[in-house]
>>> print(open('coords_20.txt').read())   # compact mmCIF, C-alpha atoms and all ligand atoms
# COMPACT_ATOMS: atom_id res chain seq x y z
CA MET A 22 -23.95 74.54 -124.60
CA ARG A 23 -26.83 76.68 -125.89
CA ILE A 24 -27.41 77.07 -129.62
CA LEU A 25 -29.84 79.69 -130.92
CA LEU A 26 -31.43 79.44 -134.34
CA LYS A 27 -32.77 82.95 -135.12
CA ASN A 28 -35.64 83.89 -137.44
CA ALA A 29 -36.27 80.41 -138.79
CA LEU A 30 -39.40 79.36 -140.61
CA LEU A 31 -40.21 76.62 -138.14
CA LEU A 32 -42.25 73.51 -138.91
CA CYS A 33 -42.66 71.87 -135.50
CA ASP A 34 -44.38 68.75 -136.76
CA VAL A 35 -45.68 67.55 -140.08
CA ARG A 36 -49.33 68.06 -139.12
CA SER A 37 -48.98 71.78 -138.30
CA GLU A 38 -48.14 74.80 -140.47
CA PRO A 39 -44.76 76.56 -140.35
CA LYS A 40 -44.32 79.89 -138.53
CA VAL A 41 -41.42 82.30 -138.06
CA SER A 42 -39.74 81.73 -134.73
CA ASP A 43 -36.44 81.37 -132.89
CA LEU A 44 -35.39 78.02 -131.55
CA LEU A 45 -33.18 77.41 -128.55
CA VAL A 46 -31.25 74.15 -128.20
CA GLU A 47 -29.55 73.24 -124.96
CA ASP A 48 -27.61 70.08 -124.08
CA GLY A 49 -29.00 68.14 -127.02
CA LYS A 50 -32.63 69.07 -126.42
CA ILE A 51 -35.10 71.68 -127.62
CA ALA A 52 -35.07 74.22 -124.77
CA GLY A 53 -37.38 76.90 -126.17
CA ILE A 54 -39.52 78.04 -129.09
CA GLY A 55 -40.36 81.77 -129.37
CA ASN A 56 -38.30 84.96 -129.22
CA PHE A 57 -34.85 84.91 -127.66
CA THR A 58 -32.14 87.56 -127.44
CA GLU A 59 -28.68 86.73 -128.70
CA ALA A 60 -27.36 86.89 -125.14
CA THR A 61 -29.22 83.65 -124.44
CA ALA A 62 -26.79 81.45 -126.34
CA GLU A 63 -23.12 80.73 -126.98
CA GLU A 64 -23.68 79.78 -130.63
CA ILE A 65 -26.03 81.82 -132.85
CA HIS A 66 -27.19 81.02 -136.40
CA ASP A 67 -29.23 83.38 -138.54
CA MET A 68 -31.84 81.13 -140.15
CA SER A 69 -33.63 83.79 -142.22
CA GLU A 70 -34.96 82.26 -145.44
CA LYS A 71 -34.43 78.81 -144.02
CA LEU A 72 -36.94 76.18 -142.96
CA VAL A 73 -36.23 74.23 -139.77
CA MET A 74 -38.16 70.97 -139.56
CA PRO A 75 -37.90 67.48 -138.04
CA GLY A 76 -35.44 65.23 -139.88
CA PHE A 77 -36.32 62.25 -142.07
CA VAL A 78 -36.09 58.64 -140.89
CA ASN A 79 -34.75 55.84 -143.08
CA ALA A 80 -36.64 52.85 -141.69
CA HIS A 81 -34.91 50.19 -143.80
CA THR A 82 -31.34 50.04 -145.00
CA HIS A 83 -28.16 48.00 -145.01
CA ALA A 84 -25.85 50.95 -144.51
CA ALA A 85 -22.49 49.35 -145.31
CA MET A 86 -23.74 48.37 -148.76
CA THR A 87 -22.55 51.78 -149.95
CA LEU A 88 -19.38 49.76 -150.70
CA MET A 89 -21.36 47.93 -153.42
CA ARG A 90 -23.06 50.99 -154.90
CA GLY A 91 -23.26 50.63 -158.67
CA PHE A 92 -21.68 47.17 -158.50
CA ALA A 93 -24.61 45.06 -159.72
CA GLU A 94 -27.05 46.69 -162.12
CA ASP A 95 -29.87 45.43 -164.34
CA MET A 96 -30.21 42.08 -162.59
CA LYS A 97 -33.05 40.06 -161.08
CA LEU A 98 -33.27 40.04 -157.28
CA GLN A 99 -32.08 36.47 -156.78
CA ASP A 100 -29.17 36.78 -159.27
CA TRP A 101 -28.29 40.18 -157.85
CA LEU A 102 -28.19 38.72 -154.34
CA PHE A 103 -26.60 35.31 -154.88
CA LYS A 104 -24.22 36.03 -157.79
CA ARG A 105 -23.04 39.54 -157.00
CA ILE A 106 -23.79 40.66 -153.43
CA PHE A 107 -23.27 37.58 -151.23
CA PRO A 108 -19.79 36.74 -152.63
CA ILE A 109 -18.59 40.27 -151.79
CA GLU A 110 -20.29 40.30 -148.39
CA GLU A 111 -18.46 37.10 -147.41
CA ARG A 112 -15.20 39.02 -147.69
CA LEU A 113 -16.20 42.16 -145.78
CA THR A 114 -14.08 42.85 -142.69
CA PRO A 115 -15.36 44.77 -139.64
CA GLU A 116 -13.26 47.72 -140.83
CA ASP A 117 -14.97 47.64 -144.25
CA VAL A 118 -18.37 47.67 -142.54
CA TYR A 119 -17.30 50.58 -140.32
CA TYR A 120 -16.28 52.78 -143.25
CA GLY A 121 -19.15 51.63 -145.48
CA THR A 122 -21.58 52.56 -142.70
CA MET A 123 -19.81 55.86 -142.15
CA MET A 124 -20.12 56.66 -145.86
CA ALA A 125 -23.85 55.89 -145.64
CA GLN A 126 -24.18 58.24 -142.69
CA LEU A 127 -22.37 61.04 -144.54
CA GLU A 128 -24.89 60.67 -147.34
CA MET A 129 -27.91 60.36 -145.06
CA ALA A 130 -26.94 63.43 -143.01
CA ARG A 131 -26.35 65.37 -146.24
CA ARG A 132 -29.86 64.39 -147.35
CA GLY A 133 -31.58 65.27 -144.08
CA ILE A 134 -31.89 61.88 -142.38
CA VAL A 135 -31.46 61.82 -138.60
CA ALA A 136 -32.07 58.14 -137.81
CA TYR A 137 -32.05 54.79 -139.58
CA VAL A 138 -32.89 51.12 -139.14
CA ASP A 139 -30.03 48.85 -140.17
CA MET A 140 -29.85 45.11 -140.82
CA TYR A 141 -26.34 43.80 -141.38
CA PHE A 142 -23.45 42.00 -139.70
CA HIS A 143 -20.20 43.04 -137.95
CA CYS A 144 -22.62 45.16 -135.91
CA ASP A 145 -19.94 46.33 -133.46
CA ALA A 146 -18.56 48.26 -136.42
CA VAL A 147 -22.01 49.62 -137.36
CA ALA A 148 -22.66 50.78 -133.80
CA GLN A 149 -19.20 52.33 -133.46
CA ALA A 150 -19.73 54.23 -136.72
CA ALA A 151 -23.10 55.55 -135.53
CA LEU A 152 -21.60 56.62 -132.21
CA ASP A 153 -18.52 58.26 -133.79
CA PHE A 154 -20.62 60.16 -136.34
CA GLY A 155 -23.42 61.02 -133.92
CA MET A 156 -26.34 59.50 -135.83
CA LYS A 157 -29.28 57.62 -134.35
CA ALA A 158 -29.50 53.99 -135.39
CA LEU A 159 -31.62 50.97 -134.63
CA ILE A 160 -29.14 48.22 -135.35
CA THR A 161 -30.02 44.58 -136.05
CA ARG A 162 -27.92 41.59 -137.01
CA GLY A 163 -29.24 39.84 -140.11
CA LEU A 164 -30.30 36.35 -138.98
CA THR A 165 -30.81 33.25 -141.12
CA ASP A 166 -30.87 29.54 -140.38
CA TYR A 167 -31.29 27.98 -143.83
CA ASN A 168 -27.65 26.87 -143.62
CA GLY A 169 -27.69 26.74 -139.82
CA ASP A 170 -27.67 29.74 -137.50
CA ASN A 171 -23.87 29.63 -137.12
CA GLY A 172 -23.97 31.60 -133.89
CA ARG A 173 -25.71 34.64 -135.40
CA LEU A 174 -28.49 34.88 -132.83
CA LYS A 175 -25.98 34.66 -129.98
CA GLN A 176 -24.04 37.51 -131.65
CA ASN A 177 -27.22 39.58 -131.91
CA ILE A 178 -27.83 39.14 -128.17
CA GLU A 179 -24.24 40.17 -127.44
CA TYR A 180 -24.67 43.28 -129.60
CA PHE A 181 -27.77 44.10 -127.57
CA ASP A 182 -25.86 43.76 -124.30
CA ARG A 183 -22.98 45.85 -125.55
CA TRP A 184 -24.70 48.67 -127.39
CA HIS A 185 -28.38 49.03 -126.56
CA GLY A 186 -29.14 52.53 -125.26
CA ARG A 187 -25.62 53.90 -125.75
CA LYS A 188 -25.58 57.72 -125.54
CA GLY A 189 -29.25 57.86 -126.50
CA LEU A 190 -28.16 57.28 -130.10
CA ILE A 191 -28.27 53.53 -130.45
CA SER A 192 -30.81 50.84 -129.92
CA VAL A 193 -30.37 47.19 -130.85
CA GLY A 194 -33.08 44.94 -132.21
CA PHE A 195 -33.16 41.57 -133.97
CA GLY A 196 -33.05 41.00 -137.73
CA PRO A 197 -34.56 37.73 -138.95
CA HIS A 198 -33.75 38.22 -142.63
CA ALA A 199 -36.95 36.91 -144.26
CA PRO A 200 -39.43 34.05 -143.97
CA TYR A 201 -37.69 32.28 -146.90
CA SER A 202 -34.34 32.33 -145.09
CA CYS A 203 -35.60 31.68 -141.54
CA SER A 204 -37.57 28.66 -140.32
CA ILE A 205 -40.78 29.24 -138.35
CA ARG A 206 -39.14 27.67 -135.30
CA TYR A 207 -36.20 30.09 -135.60
CA ILE A 208 -38.51 33.11 -136.00
CA ASP A 209 -40.33 32.03 -132.84
CA GLU A 210 -37.06 31.65 -130.92
CA ILE A 211 -35.90 35.11 -132.02
CA ALA A 212 -39.28 36.62 -131.11
CA ARG A 213 -39.22 35.12 -127.61
CA ILE A 214 -35.80 36.62 -126.95
CA ALA A 215 -36.81 40.00 -128.39
CA LEU A 216 -39.91 40.06 -126.18
CA GLU A 217 -37.86 39.30 -123.11
CA LEU A 218 -35.41 42.11 -123.93
CA LYS A 219 -38.19 44.47 -125.09
CA ALA A 220 -36.27 44.81 -128.36
CA PRO A 221 -37.82 45.47 -131.77
CA ILE A 222 -37.51 43.19 -134.78
CA THR A 223 -37.05 44.02 -138.42
CA MET A 224 -37.61 41.55 -141.24
CA HIS A 225 -38.04 41.53 -145.03
CA LEU A 226 -41.53 40.39 -146.02
CA PHE A 227 -43.13 39.67 -149.40
CA GLU A 228 -40.51 41.57 -151.38
CA SER A 229 -40.68 39.63 -154.65
CA PRO A 230 -43.53 37.75 -156.36
CA ALA A 231 -41.67 34.44 -155.91
CA GLU A 232 -42.01 34.53 -152.12
CA ASP A 233 -44.43 31.85 -151.09
CA TYR A 234 -45.28 31.57 -147.40
CA SER A 235 -48.15 32.37 -145.11
CA LEU A 236 -48.07 35.45 -142.88
CA HIS A 237 -50.93 33.90 -140.94
CA GLU A 238 -48.70 30.90 -140.10
CA ILE A 239 -45.74 33.13 -139.22
CA LEU A 240 -47.90 35.15 -136.85
CA LYS A 241 -48.81 32.03 -134.91
CA THR A 242 -45.35 32.48 -133.38
CA LYS A 243 -44.45 35.01 -130.68
CA LEU A 244 -43.63 37.43 -133.51
CA SER A 245 -47.25 38.55 -133.29
CA GLU A 246 -46.51 40.13 -129.90
CA CYS A 247 -43.29 41.92 -130.89
CA LYS A 248 -42.75 45.39 -132.28
CA VAL A 249 -41.92 44.47 -135.87
CA ILE A 250 -40.76 46.65 -138.75
CA PHE A 251 -41.57 44.71 -141.94
CA ALA A 252 -39.63 45.85 -144.99
CA HIS A 253 -41.25 45.89 -148.46
CA CYS A 254 -44.65 44.11 -148.26
CA VAL A 255 -45.04 44.47 -152.03
CA HIS A 256 -47.01 41.26 -152.62
CA VAL A 257 -49.55 41.27 -149.83
CA SER A 258 -53.12 39.97 -149.99
CA GLU A 259 -56.14 41.70 -148.43
CA LYS A 260 -55.82 39.24 -145.56
CA ASP A 261 -52.11 40.09 -145.09
CA ILE A 262 -52.94 43.82 -145.00
CA GLU A 263 -55.46 43.13 -142.28
CA LEU A 264 -52.86 41.18 -140.29
CA LEU A 265 -50.36 44.02 -140.70
CA SER A 266 -52.72 46.71 -139.41
CA ARG A 267 -51.74 46.34 -135.78
CA GLU A 268 -50.30 48.89 -133.42
CA ASN A 269 -47.07 46.92 -132.90
CA PHE A 270 -46.38 46.50 -136.64
CA PHE A 271 -44.85 48.89 -139.14
CA VAL A 272 -44.42 48.46 -142.87
CA VAL A 273 -41.47 50.09 -144.62
CA HIS A 274 -42.10 51.04 -148.21
CA ASN A 275 -38.92 51.09 -150.34
CA PRO A 276 -40.21 52.25 -153.74
CA THR A 277 -36.93 52.82 -155.60
CA SER A 278 -35.43 49.48 -154.61
CA ASN A 279 -38.69 47.69 -155.47
CA LEU A 280 -38.79 49.30 -158.90
CA LYS A 281 -35.12 48.81 -159.68
CA LEU A 282 -35.13 45.12 -158.75
CA GLY A 283 -38.42 44.58 -160.60
CA SER A 284 -40.21 43.58 -157.41
CA GLY A 285 -43.34 45.60 -158.03
CA ILE A 286 -45.27 48.41 -156.34
CA ALA A 287 -46.54 47.96 -152.80
CA PRO A 288 -50.26 48.76 -152.31
CA VAL A 289 -49.46 51.65 -149.99
CA GLN A 290 -52.72 53.54 -150.39
CA LYS A 291 -54.71 50.44 -149.50
CA MET A 292 -52.48 49.74 -146.51
CA ILE A 293 -52.89 53.28 -145.19
CA GLU A 294 -56.68 53.10 -145.66
CA LYS A 295 -56.69 49.88 -143.63
CA GLY A 296 -54.74 51.53 -140.81
CA VAL A 297 -51.30 50.02 -141.49
CA GLN A 298 -48.49 52.22 -140.15
CA VAL A 299 -46.39 52.83 -143.25
CA CYS A 300 -42.96 54.46 -143.16
CA LEU A 301 -40.25 54.83 -145.78
CA GLY A 302 -36.86 53.28 -146.44
CA THR A 303 -34.16 53.29 -149.04
CA ASP A 304 -32.92 49.72 -148.70
CA GLY A 305 -29.17 49.38 -149.32
CA ALA A 306 -27.18 51.53 -151.76
CA ALA A 307 -26.53 48.43 -153.91
CA SER A 308 -30.18 48.34 -154.97
CA ASN A 309 -31.31 51.98 -154.89
CA ASN A 310 -28.59 53.56 -155.32
CA THR A 311 -29.10 56.61 -153.13
CA LEU A 312 -29.98 56.87 -149.45
CA ASP A 313 -32.56 59.58 -149.91
CA VAL A 314 -35.85 59.38 -148.01
CA TRP A 315 -36.91 62.77 -149.39
CA HIS A 316 -36.79 61.23 -152.87
CA GLU A 317 -38.58 58.07 -151.70
CA MET A 318 -41.33 60.27 -150.27
CA ARG A 319 -42.04 61.90 -153.61
CA LEU A 320 -41.79 58.63 -155.50
CA ALA A 321 -44.12 56.93 -153.01
CA THR A 322 -46.81 59.52 -153.53
CA LEU A 323 -46.46 59.57 -157.34
CA LEU A 324 -46.65 55.77 -157.61
CA GLN A 325 -49.98 55.72 -155.80
CA LYS A 326 -51.32 58.69 -157.76
CA VAL A 327 -50.96 56.82 -161.04
CA SER A 328 -54.39 55.29 -160.43
CA ASP A 329 -56.03 58.15 -158.52
CA PRO A 330 -54.53 61.61 -157.91
CA ARG A 331 -56.29 61.82 -154.56
CA ASN A 332 -54.05 59.07 -153.20
CA ILE A 333 -51.24 59.92 -150.72
CA SER A 334 -51.76 63.56 -149.81
CA ILE A 335 -48.98 65.98 -148.91
CA GLN A 336 -49.78 65.31 -145.28
CA GLN A 337 -49.69 61.53 -145.65
CA ALA A 338 -46.38 61.67 -147.52
CA LEU A 339 -44.77 63.69 -144.73
CA ILE A 340 -46.30 61.46 -142.06
CA MET A 341 -44.71 58.40 -143.70
CA ALA A 342 -41.32 60.02 -144.16
CA ILE A 343 -41.04 61.59 -140.71
CA GLU A 344 -43.71 60.79 -138.13
CA GLN A 345 -44.21 57.05 -138.75
CA GLY A 346 -40.49 56.56 -139.32
CA ALA A 347 -39.79 58.16 -135.94
CA LYS A 348 -42.35 55.89 -134.27
CA ALA A 349 -40.82 52.82 -135.91
CA VAL A 350 -37.21 53.60 -135.07
CA GLY A 351 -38.18 54.72 -131.57
CA LEU A 352 -35.14 56.94 -131.02
CA THR A 353 -36.51 60.27 -132.14
CA SER A 354 -39.84 62.04 -131.73
CA GLY A 355 -40.30 63.29 -135.28
CA MET A 356 -41.25 66.63 -133.74
CA ILE A 357 -39.66 69.87 -132.64
CA GLU A 358 -41.04 70.43 -129.16
CA VAL A 359 -39.60 71.58 -125.86
CA GLY A 360 -37.95 68.69 -124.07
CA ALA A 361 -37.51 66.54 -127.21
CA ASP A 362 -34.09 65.67 -128.61
CA ALA A 363 -32.99 68.32 -131.12
CA ASP A 364 -33.13 66.11 -134.23
CA LEU A 365 -33.78 68.56 -137.02
CA ILE A 366 -32.83 69.72 -140.48
CA VAL A 367 -32.40 73.14 -142.01
CA VAL A 368 -33.61 73.61 -145.58
CA ASP A 369 -32.35 76.49 -147.71
CA LEU A 370 -35.43 78.18 -149.17
CA LYS A 371 -33.54 80.56 -151.47
CA LYS A 372 -34.47 78.51 -154.50
CA PRO A 373 -36.95 79.20 -157.32
CA TRP A 374 -38.83 76.01 -156.45
CA TYR A 375 -39.77 77.32 -152.99
CA VAL A 376 -41.75 80.28 -154.35
CA PRO A 377 -44.42 81.17 -153.34
CA ARG A 378 -43.43 80.71 -149.71
CA ASP A 379 -46.94 80.12 -148.37
CA ARG A 380 -47.19 76.50 -149.48
CA ILE A 381 -43.95 75.20 -148.09
CA LYS A 382 -45.16 71.70 -147.21
CA ASN A 383 -46.41 71.20 -150.78
CA HIS A 384 -43.04 72.36 -152.09
CA ILE A 385 -41.17 70.04 -149.74
CA VAL A 386 -43.05 67.01 -151.07
CA HIS A 387 -43.37 67.87 -154.73
CA SER A 388 -40.72 70.36 -155.80
CA GLY A 389 -37.82 70.35 -153.36
CA ASN A 390 -35.10 67.77 -153.03
CA SER A 391 -32.65 66.53 -150.45
CA LEU A 392 -29.76 68.61 -151.78
CA ASP A 393 -31.63 71.66 -150.45
CA VAL A 394 -30.67 70.48 -146.95
CA PHE A 395 -28.33 73.11 -145.53
CA ALA A 396 -27.69 71.47 -142.16
CA THR A 397 -28.61 68.42 -140.09
CA MET A 398 -28.60 68.36 -136.29
CA ILE A 399 -28.89 65.18 -134.24
CA LYS A 400 -29.28 65.34 -130.46
CA GLY A 401 -28.19 68.96 -130.55
CA ARG A 402 -25.02 68.33 -132.58
CA TRP A 403 -24.46 69.49 -136.14
CA VAL A 404 -23.48 66.41 -138.14
CA TYR A 405 -23.75 68.25 -141.45
CA TYR A 406 -23.49 71.99 -141.91
CA ASP A 407 -23.20 73.84 -145.22
CA GLY A 408 -20.93 71.36 -146.99
CA GLU A 409 -18.97 70.31 -143.90
CA TYR A 410 -19.20 67.28 -141.61
CA PRO A 411 -18.15 68.64 -138.21
CA THR A 412 -17.96 65.27 -136.40
CA ILE A 413 -15.81 63.30 -138.85
CA ASP A 414 -12.96 63.55 -141.39
CA ALA A 415 -15.04 62.90 -144.51
CA LYS A 416 -12.03 62.84 -146.87
CA TYR A 417 -10.47 60.02 -144.85
CA VAL A 418 -13.75 58.06 -145.03
CA PHE A 419 -13.80 58.46 -148.82
CA LYS A 420 -10.21 57.19 -149.03
CA LYS A 421 -10.84 54.16 -146.80
CA CYS A 422 -13.96 53.23 -148.80
CA GLU A 423 -12.12 53.51 -152.13
CA GLU A 424 -9.39 51.22 -150.77
CA ALA A 425 -11.91 48.68 -149.50
CA ILE A 426 -13.89 48.70 -152.77
CA GLY A 427 -10.71 48.19 -154.79
CA ARG A 428 -9.74 45.19 -152.70
CA LEU A 429 -13.24 43.68 -152.64
CA THR A 430 -13.96 43.97 -156.35
CA GLY A 431 -10.45 42.98 -157.39
CA THR A 432 -9.48 46.24 -159.07
CA THR A 433 -6.59 46.64 -156.60
CA ASN A 434 -4.89 44.30 -154.15
NI NI B 1 -33.36 45.08 -147.43
>>> encode(input="coords_20.txt", output="structure tokens", more="lines below")
Ligand code: NI
Amino acid sequence: MRILLKNALLLCDVRSEPKVSDLLVEDGKIAGIGNFTEATAEEIHDMSEKLVMPGFVNAHTHAAMTLMRGFAEDMKLQDWLFKRIFPIEERLTPEDVYYGTMMAQLEMARRGIVAYVDMYFHCDAVAQAALDFGMKALITRGLTDYNGDNGRLKQNIEYFDRWHGRKGLISVGFGPHAPYSCSIRYIDEIARIALELKAPITMHLFESPAEDYSLHEILKTKLSECKVIFAHCVHVSEKDIELLSRENFFVVHNPTSNLKLGSGIAPVQKMIEKGVQVCLGTDGAASNNTLDVWHEMRLATLLQKVSDPRNISIQQALIMAIEQGAKAVGLTSGMIEVGADADLIVVDLKKPWYVPRDRIKNHIVHSGNSLDVFATMIKGRWVYYDGEYPTIDAKYVFKKCEEAIGRLTGTTN
């Protein structure tokens, strides 16, 4: 199947400038950039007045938490988690997680996200939802041992065996929840297994000011050798920043969630200056409440500019949202180049806020928003196109989520 995108304003990667070009997609991959006649393809789309660019990556979320969107507001992190979220999560069935994840994917595709990193449970349901929808996902099982491991790590290994590498859409990593919920010994055990399987790890780190542990001690384990995606890193010392500036580590900045839960503002500018690879995440919809990396990108840059307007340039903002996210998730290139998977978004430029047209990257960061996304393609398949979701019955997903939410929150039986 060959798909031709004609006359697009094409931004091949976030470091270059856009140019008008056609784009040919064949069997899920970028097959050509240049001029092509309409006879070249079976499916042709006129992309005049549209920008085609690499899609965003959501490097930290708990997708199925869309079921708890708006459920716990104006609360401190620990109360939010222990009084409101955990009691509901205990009652989630695999089917709930499937539809909650599907709802998250509908939103992410609508907002121009092509891949995400997930930490949750009932991961067979998460993986099935990613496969059915056609979205790229690095899936991890949340792991804790403060009340005993209860077979979680064994489950995570089974998920790896069952799903890792499926259809080029899914990879499976390990999800030690946080240093306050995992013992050092447990972190080391997880890291050893991850190293053996060449699987990445994702973990919350220094999210709230109350978190009191030593990264230096944690990195005496095998974790230091793993590819690790650390979420938050709000309360990090100079020494921690130094420890995080390694090629195998990524930090995910989640500005909305950090603000909303009163966690603080991560020192992103300092981390970037010290060579830390920073990408962006939304966290779950229960603490954000949108899954919108485009929005996080703008917020991330504004938060750092409060002290110095030279902080977080247009280029750096786009690198965090796309290029570093792609490197962290490992399933997408973050670029439009021949031979790469066709993971891209189409942005409708027929809006007052995209004029003048010669500074498109500036407009993307500072004046556009994710609702300008006209279409999202993942591995050559349209998963969102002009109001429609071609791979899934969205209305049915809405209905199943409403039913699950009613049952879980006690508004229906
Ligand atoms: Ni989180």
>>> residues_near_ligand(input="coords_20.txt", ligand="ligand NI 1 (chain B)", cutoff="9 Å", atoms="only C-alpha atoms and all ligand atoms", output="PyMOL selection string")
chain A and resi 81-83+139-140+198+224-225+228+252-253+275+278+302-305+308
>>> atom_distance(input="coords_20.txt", atom1="atom CA of Arg187 of chain A", atom2="atom CA of Arg402 of chain A")
16.0 Å
>>> residues_around(input="coords_20.txt", residues="Lys188 of chain A", least_positions_apart="6", cutoff="12 Å", atoms="only C-alpha atoms", output="MDAnalysis selection string")
chainID A and resid 49 148:149 151:153 155:158 352 399:400
>>> atom_distance(input="coords_20.txt", atom1="atom CA of Glu246 of chain A", atom2="atom CA of Val138 of chain A")
19.8 Å
>>> residues_near_point(input="coords_20.txt", point="(-33.7, 30.4, -141.9)", cutoff="12 Å", atoms="all atoms listed in the file", output="VMD selection string")
chain A and resid 163 to 171 173 to 174 196 to 211 224
>>> closest_residue(input="coords_20.txt", among="A:Ile333, A:Glu111, A:Glu424, A:Leu127", to="Ala396 of chain A", atoms="all atoms listed in the file")
A:Leu127
>>> atom_distance(input="coords_20.txt", atom1="atom CA of Ile262 of chain A", atom2="atom CA of Asn79 of chain A")
21.9 Å
>>> closest_residue(input="coords_20.txt", among="A:Ala287, A:Ala130, A:Thr122, A:Ile160", to="Thr412 of chain A", atoms="only C-alpha atoms")
A:Ala130
>>> axis_aligned_box(input="coords_20.txt", around="segment 206-216 of chain A", padding_each_side="5 Å", output="lines of an AutoDock Vina configuration file")
center_x = -38.1
center_y = 33.9
center_z = -131.1
size_x = 14.5
size_y = 22.4
size_z = 19.8
